[in-house]
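Raw work_10.pdb, PDB, C-alpha atoms:
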```
MODEL        1
ATOM      1  CA  MET A  71       0.000   0.000   0.000  1.00  0.00           C
ATOM      2  CA  TYR A  72       1.251   3.473  -0.840  1.00  0.00           C
ATOM      3  CA  LEU A  73      -0.157   6.610   0.775  1.00  0.00           C
ATOM      4  CA  SER A  74       0.480  10.039  -0.642  1.00  0.00           C
ATOM      5  CA  GLN A  75      -0.759  13.532   0.081  1.00  0.00           C
ATOM      6  CA  THR A  76       0.763  15.201  -2.934  1.00  0.00           C
ATOM      7  CA  CYS A  77      -2.372  17.196  -3.729  1.00  0.00           C
ATOM      8  CA  TYR A  78      -2.679  18.412  -0.142  1.00  0.00           C
ATOM      9  CA  ALA A  79       1.002  19.399  -0.062  1.00  0.00           C
ATOM     10  CA  GLU A  80       0.559  21.279  -3.345  1.00  0.00           C
ATOM     11  CA  LYS A  81      -2.448  23.117  -1.900  1.00  0.00           C
ATOM     12  CA  ILE A  82      -0.421  24.215   1.143  1.00  0.00           C
ATOM     13  CA  LEU A  83       2.492  25.357  -1.006  1.00  0.00           C
ATOM     14  CA  ARG A  84       0.264  27.306  -3.378  1.00  0.00           C
ATOM     15  CA  THR A  85      -1.670  28.891  -0.501  1.00  0.00           C
ATOM     16  CA  TYR A  86       1.512  30.299   1.050  1.00  0.00           C
ATOM     17  CA  ASN A  87       3.248  31.085  -2.295  1.00  0.00           C
ATOM     18  CA  PHE A  88       5.968  28.443  -1.975  1.00  0.00           C
ATOM     19  CA  TRP A  89       5.070  26.355  -5.003  1.00  0.00           C
ATOM     20  CA  ASN A  90       8.108  27.552  -6.963  1.00  0.00           C
ATOM     21  CA  ALA A  91      10.487  27.453  -3.982  1.00  0.00           C
ATOM     22  CA  THR A  92      13.681  25.453  -4.202  1.00  0.00           C
ATOM     23  CA  PRO A  93      13.189  22.214  -2.243  1.00  0.00           C
ATOM     24  CA  ARG A  94      15.103  21.823   1.027  1.00  0.00           C
ATOM     25  CA  LEU A  95      16.687  18.752   2.547  1.00  0.00           C
ATOM     26  CA  THR A  96      15.695  19.343   6.181  1.00  0.00           C
ATOM     27  CA  PRO A  97      12.416  20.379   7.833  1.00  0.00           C
ATOM     28  CA  MET A  98      14.222  22.902  10.075  1.00  0.00           C
ATOM     29  CA  GLN A  99      17.482  24.770   9.765  1.00  0.00           C
ATOM     30  CA  PRO A 100      20.327  22.950  11.499  1.00  0.00           C
ATOM     31  CA  ASN A 101      21.148  24.339  14.952  1.00  0.00           C
ATOM     32  CA  MET A 102      18.049  26.554  14.990  1.00  0.00           C
ATOM     33  CA  HIS A 103      16.591  26.794  18.459  1.00  0.00           C
ATOM     34  CA  LEU A 104      13.230  28.413  18.945  1.00  0.00           C
ATOM     35  CA  ASN A 105      12.477  29.936  22.317  1.00  0.00           C
ATOM     36  CA  LYS A 106       9.828  32.093  23.887  1.00  0.00           C
ATOM     37  CA  GLY A 107      12.251  35.019  24.133  1.00  0.00           C
ATOM     38  CA  ASP A 108      11.855  35.419  20.363  1.00  0.00           C
ATOM     39  CA  ARG A 109       8.115  35.870  20.577  1.00  0.00           C
ATOM     40  CA  ASP A 110       6.210  39.060  19.928  1.00  0.00           C
ATOM     41  CA  LYS A 111       3.682  39.933  22.641  1.00  0.00           C
ATOM     42  CA  ASN A 112       1.580  41.887  20.141  1.00  0.00           C
ATOM     43  CA  PRO A 113       2.003  40.336  16.691  1.00  0.00           C
ATOM     44  CA  ALA A 114       0.185  41.937  13.807  1.00  0.00           C
ATOM     45  CA  PRO A 115      -3.075  40.087  13.111  1.00  0.00           C
ATOM     46  CA  ASP A 116      -2.076  39.103   9.561  1.00  0.00           C
ATOM     47  CA  PHE A 117       1.341  37.883  10.756  1.00  0.00           C
ATOM     48  CA  ASN A 118      -0.272  35.808  13.514  1.00  0.00           C
ATOM     49  CA  GLN A 119      -2.903  34.434  11.130  1.00  0.00           C
ATOM     50  CA  ARG A 120      -0.286  33.423   8.553  1.00  0.00           C
ATOM     51  CA  TYR A 121       1.879  31.680  11.164  1.00  0.00           C
ATOM     52  CA  ARG A 122      -1.072  29.804  12.630  1.00  0.00           C
ATOM     53  CA  GLY A 123      -2.234  28.861   9.156  1.00  0.00           C
ATOM     54  CA  ILE A 124       1.115  27.334   8.266  1.00  0.00           C
ATOM     55  CA  VAL A 125       1.287  25.432  11.553  1.00  0.00           C
ATOM     56  CA  SER A 126      -2.263  24.132  11.321  1.00  0.00           C
ATOM     57  CA  SER A 127      -1.777  23.120   7.675  1.00  0.00           C
ATOM     58  CA  LEU A 128       1.076  20.844   8.726  1.00  0.00           C
ATOM     59  CA  GLY A 129      -1.025  19.063  11.344  1.00  0.00           C
ATOM     60  CA  HIS A 130      -2.849  16.721   8.961  1.00  0.00           C
ATOM     61  CA  PRO A 131       0.216  15.431   7.075  1.00  0.00           C
ATOM     62  CA  VAL A 132       2.029  14.925  10.386  1.00  0.00           C
ATOM     63  CA  THR A 133      -0.671  12.642  11.741  1.00  0.00           C
ATOM     64  CA  MET A 134      -1.300  10.745   8.505  1.00  0.00           C
ATOM     65  CA  THR A 135       1.762  10.312   6.301  1.00  0.00           C
ATOM     66  CA  ARG A 136       4.603  12.642   7.299  1.00  0.00           C
ATOM     67  CA  PRO A 137       6.045  11.725  10.712  1.00  0.00           C
ATOM     68  CA  ASP A 138       9.286  13.398   9.588  1.00  0.00           C
ATOM     69  CA  LEU A 139       7.542  16.735  10.190  1.00  0.00           C
ATOM     70  CA  ALA A 140       6.310  15.878  13.696  1.00  0.00           C
ATOM     71  CA  TRP A 141       9.132  17.472  15.671  1.00  0.00           C
ATOM     72  CA  ALA A 142       9.060  20.697  13.633  1.00  0.00           C
ATOM     73  CA  HIS A 143       5.262  20.885  13.930  1.00  0.00           C
ATOM     74  CA  SER A 144       5.505  20.363  17.682  1.00  0.00           C
ATOM     75  CA  GLU A 145       8.064  23.170  18.001  1.00  0.00           C
ATOM     76  CA  PHE A 146       5.975  25.561  15.901  1.00  0.00           C
ATOM     77  CA  SER A 147       2.836  24.773  17.873  1.00  0.00           C
ATOM     78  CA  LYS A 148       4.451  25.922  21.117  1.00  0.00           C
ATOM     79  CA  TYR A 149       4.581  29.491  19.822  1.00  0.00           C
ATOM     80  CA  ALA A 150       1.233  29.744  18.020  1.00  0.00           C
ATOM     81  CA  GLN A 151      -0.106  32.224  20.574  1.00  0.00           C
ATOM     82  CA  PHE A 152       2.717  34.783  20.227  1.00  0.00           C
ATOM     83  CA  PRO A 153       4.911  33.982  17.222  1.00  0.00           C
ATOM     84  CA  GLY A 154       7.992  36.046  16.520  1.00  0.00           C
ATOM     85  CA  GLU A 155      10.028  36.608  13.387  1.00  0.00           C
ATOM     86  CA  ASN A 156      12.341  33.634  14.104  1.00  0.00           C
ATOM     87  CA  HIS A 157       9.328  31.388  14.504  1.00  0.00           C
ATOM     88  CA  MET A 158       7.981  32.533  11.138  1.00  0.00           C
ATOM     89  CA  LEU A 159      11.355  31.977   9.466  1.00  0.00           C
ATOM     90  CA  ALA A 160      11.424  28.434  10.822  1.00  0.00           C
ATOM     91  CA  ALA A 161       7.858  27.790   9.671  1.00  0.00           C
ATOM     92  CA  LYS A 162       8.675  29.123   6.211  1.00  0.00           C
ATOM     93  CA  HIS A 163      11.711  26.809   6.070  1.00  0.00           C
ATOM     94  CA  VAL A 164       9.545  23.701   6.375  1.00  0.00           C
ATOM     95  CA  LEU A 165       7.410  24.555   3.335  1.00  0.00           C
ATOM     96  CA  PRO A 166      10.165  24.040   0.731  1.00  0.00           C
ATOM     97  CA  TYR A 167      11.035  20.812   2.575  1.00  0.00           C
ATOM     98  CA  LEU A 168       7.444  19.685   2.076  1.00  0.00           C
ATOM     99  CA  HIS A 169       7.859  20.432  -1.608  1.00  0.00           C
ATOM    100  CA  GLY A 170      11.021  18.393  -1.986  1.00  0.00           C
ATOM    101  CA  ALA A 171      10.180  15.328   0.057  1.00  0.00           C
TER
ENDMDL
END
```
When written as structure tokens, how does the structure in this file appear?
Amino acid sequence: MYLSQTCYAEKILRTYNFWNATPRLTPMQPNMHLNKGDRDKNPAPDFNQRYRGIVSSLGHPVTMTRPDLAWAHSEFSKYAQFPGENHMLAAKHVLPYLHGA
């Protein structure tokens, strides 16, 4: 049996304008450590919405066919309430990985 979520991955990538991004080899940048000190107590609503959208979009593939994204998704989820710029950069890094894998 072969399971694939290619169409769902394409939808995520097109939604966040990463369809033409160069694929990456890792879901997170090596040696990147996210912490709550990087958070923004008052993120702009569109920034917060975009971050939460990316994180929530990864939830379904993680539970169904992409356990390789589980750790990154878990890390991103910790900061969904008050994401900062470093959190967004990390979330944006996983999208090209989704494209390439």
message: the PyMOL selection byres ((chain A and resi 117) around 12) - which residues does that actually catch in the file I just gave you? List them as a VMD selection string.
response: chain A and resid 110 112 to 116 118 to 124 150 to 155 157 to 159
query: Where does the PyMOL selection byres ((chain A and resi 95) around 9) land in this file, that is, which residues does it pick, as a list in words?
result: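 Given this file, the PyMOL selection byres ((chain A and resi 95) around 9) evaluates to Pro93, Arg94, Thr96, Pro97, Met98, Pro166, Tyr167, Gly170 and Ala171 of chain A.
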Atoms to include: C-alpha atoms. Write the selected residues as an mmCIF file, keeping the file's coordinate frame.
```
data_model
loop_
_atom_site.group_PDB
_atom_site.id
_atom_site.type_symbol
_atom_site.label_atom_id
_atom_site.label_comp_id
_atom_site.auth_asym_id
_atom_site.auth_seq_id
_atom_site.Cartn_x
_atom_site.Cartn_y
_atom_site.Cartn_z
ATOM 1 C CA PRO A 93 13.189 22.214 -2.243
ATOM 2 C CA ARG A 94 15.103 21.823 1.027
ATOM 3 C CA THR A 96 15.695 19.343 6.181
ATOM 4 C CA PRO A 97 12.416 20.379 7.833
ATOM 5 C CA MET A 98 14.222 22.902 10.075
ATOM 6 C CA PRO A 166 10.165 24.040 0.731
ATOM 7 C CA TYR A 167 11.035 20.812 2.575
ATOM 8 C CA GLY A 170 11.021 18.393 -1.986
ATOM 9 C CA ALA A 171 10.180 15.328 0.057
#
```
Centre, x/y/z edge lengths, axis-aligned box for range 142-147 of chain A with 4 Å per side, as AutoDock Vina command-line options:
```
--center_x 5.9 --center_y 23.0 --center_z 15.8 --size_x 14.2 --size_y 13.2 --size_z 12.4
```
- request: Would you mind listing what lies within 8 Å of Leu128 in chain A as a count of residues only, with all atoms listed in the file counted and same-chain residues fewer than 3 positions away left out?
  value: 6
- request: Might you spell out which residues the PyMOL selection byres ((chain A and resi 103) around 12) would select in the displayed file, as a list of chain:residue names?
  value: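 Applied to this file, the PyMOL selection byres ((chain A and resi 103) around 12) selects A:Met98, A:Gln99, A:Pro100, A:Asn101, A:Met102, A:Leu104, A:Asn105, A:Lys106, A:Gly107, A:Asp108, A:Ala142, A:Glu145, A:Phe146, A:Asn156, A:His157, A:Leu159, A:Ala160.
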- request: Could you check which of A:Trp141, A:His130, A:Lys111, A:Asn90 is closest to Gln75 in chain A, using all atoms listed in the file?
  value: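 Checking each of A:Trp141, A:His130, A:Lys111, A:Asn90 against Gln75 in chain A, counting all atoms listed in the file, the winner is A:His130.
Taking CA of Lys148 in chain A as the reference point, CA of Thr133 in chain A is found at 17.0 Å.
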- request: Quote the spacing between CA of Arg84 in chain A and CA of Ser144 in chain A in Å to one decimal place.
  value: 22.8 Å
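In this structure, CA of Ile82 in chain A sits 24.2 Å away from CA of Arg109 in chain A.
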Given all atoms listed in the file as the counted atoms, nearest of A:Gly129, A:Thr92, A:Val164, A:Thr135 to Thr76 in chain A: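 Of A:Gly129, A:Thr92, A:Val164, A:Thr135, the one nearest Thr76 in chain A is A:Thr135, counting all atoms listed in the file.
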message: My list of candidates is A:Ser127, A:Tyr149, A:Tyr86, A:Arg136. Which is closest to Ser74 in chain A when distances are computed with all atoms listed in the file?
response: A:Arg136
Since the input has fewer atoms than a full residue there, write range 126-138 of chain A out with N, CA and C atoms, as a PDB file, keeping the file's coordinate frame.
```pdb
ATOM      1  N   SER A 126      -1.094  25.012  11.360  1.00  0.00           N
ATOM      2  CA  SER A 126      -2.263  24.132  11.321  1.00  0.00           C
ATOM      3  C   SER A 126      -2.309  23.315  10.028  1.00  0.00           C
ATOM      4  N   SER A 127      -1.812  23.858   8.940  1.00  0.00           N
ATOM      5  CA  SER A 127      -1.777  23.120   7.675  1.00  0.00           C
ATOM      6  C   SER A 127      -0.869  21.894   7.759  1.00  0.00           C
ATOM      7  N   LEU A 128       0.148  21.964   8.583  1.00  0.00           N
ATOM      8  CA  LEU A 128       1.076  20.844   8.726  1.00  0.00           C
ATOM      9  C   LEU A 128       0.523  19.737   9.621  1.00  0.00           C
ATOM     10  N   GLY A 129      -0.492  20.032  10.393  1.00  0.00           N
ATOM     11  CA  GLY A 129      -1.025  19.063  11.344  1.00  0.00           C
ATOM     12  C   GLY A 129      -1.546  17.791  10.694  1.00  0.00           C
ATOM     13  N   HIS A 130      -2.275  17.907   9.605  1.00  0.00           N
ATOM     14  CA  HIS A 130      -2.849  16.721   8.961  1.00  0.00           C
ATOM     15  C   HIS A 130      -1.768  15.812   8.374  1.00  0.00           C
ATOM     16  N   PRO A 131      -0.830  16.329   7.592  1.00  0.00           N
ATOM     17  CA  PRO A 131       0.216  15.431   7.075  1.00  0.00           C
ATOM     18  C   PRO A 131       1.030  14.770   8.190  1.00  0.00           C
ATOM     19  N   VAL A 132       1.249  15.485   9.278  1.00  0.00           N
ATOM     20  CA  VAL A 132       2.029  14.925  10.386  1.00  0.00           C
ATOM     21  C   VAL A 132       1.333  13.689  10.943  1.00  0.00           C
ATOM     22  N   THR A 133       0.034  13.761  11.127  1.00  0.00           N
ATOM     23  CA  THR A 133      -0.671  12.642  11.741  1.00  0.00           C
ATOM     24  C   THR A 133      -0.966  11.503  10.770  1.00  0.00           C
ATOM     25  N   MET A 134      -0.928  11.780   9.472  1.00  0.00           N
ATOM     26  CA  MET A 134      -1.300  10.745   8.505  1.00  0.00           C
ATOM     27  C   MET A 134      -0.108  10.101   7.788  1.00  0.00           C
ATOM     28  N   THR A 135       0.735  10.901   7.172  1.00  0.00           N
ATOM     29  CA  THR A 135       1.762  10.312   6.301  1.00  0.00           C
ATOM     30  C   THR A 135       3.151  10.921   6.449  1.00  0.00           C
ATOM     31  N   ARG A 136       3.313  11.962   7.237  1.00  0.00           N
ATOM     32  CA  ARG A 136       4.603  12.642   7.299  1.00  0.00           C
ATOM     33  C   ARG A 136       5.137  12.768   8.729  1.00  0.00           C
ATOM     34  N   PRO A 137       5.500  11.645   9.356  1.00  0.00           N
ATOM     35  CA  PRO A 137       6.045  11.725  10.712  1.00  0.00           C
ATOM     36  C   PRO A 137       7.375  12.469  10.767  1.00  0.00           C
ATOM     37  N   ASP A 138       8.032  12.640   9.633  1.00  0.00           N
ATOM     38  CA  ASP A 138       9.286  13.398   9.588  1.00  0.00           C
ATOM     39  C   ASP A 138       9.079  14.874   9.923  1.00  0.00           C
TER      40      ASP A 138
END
```
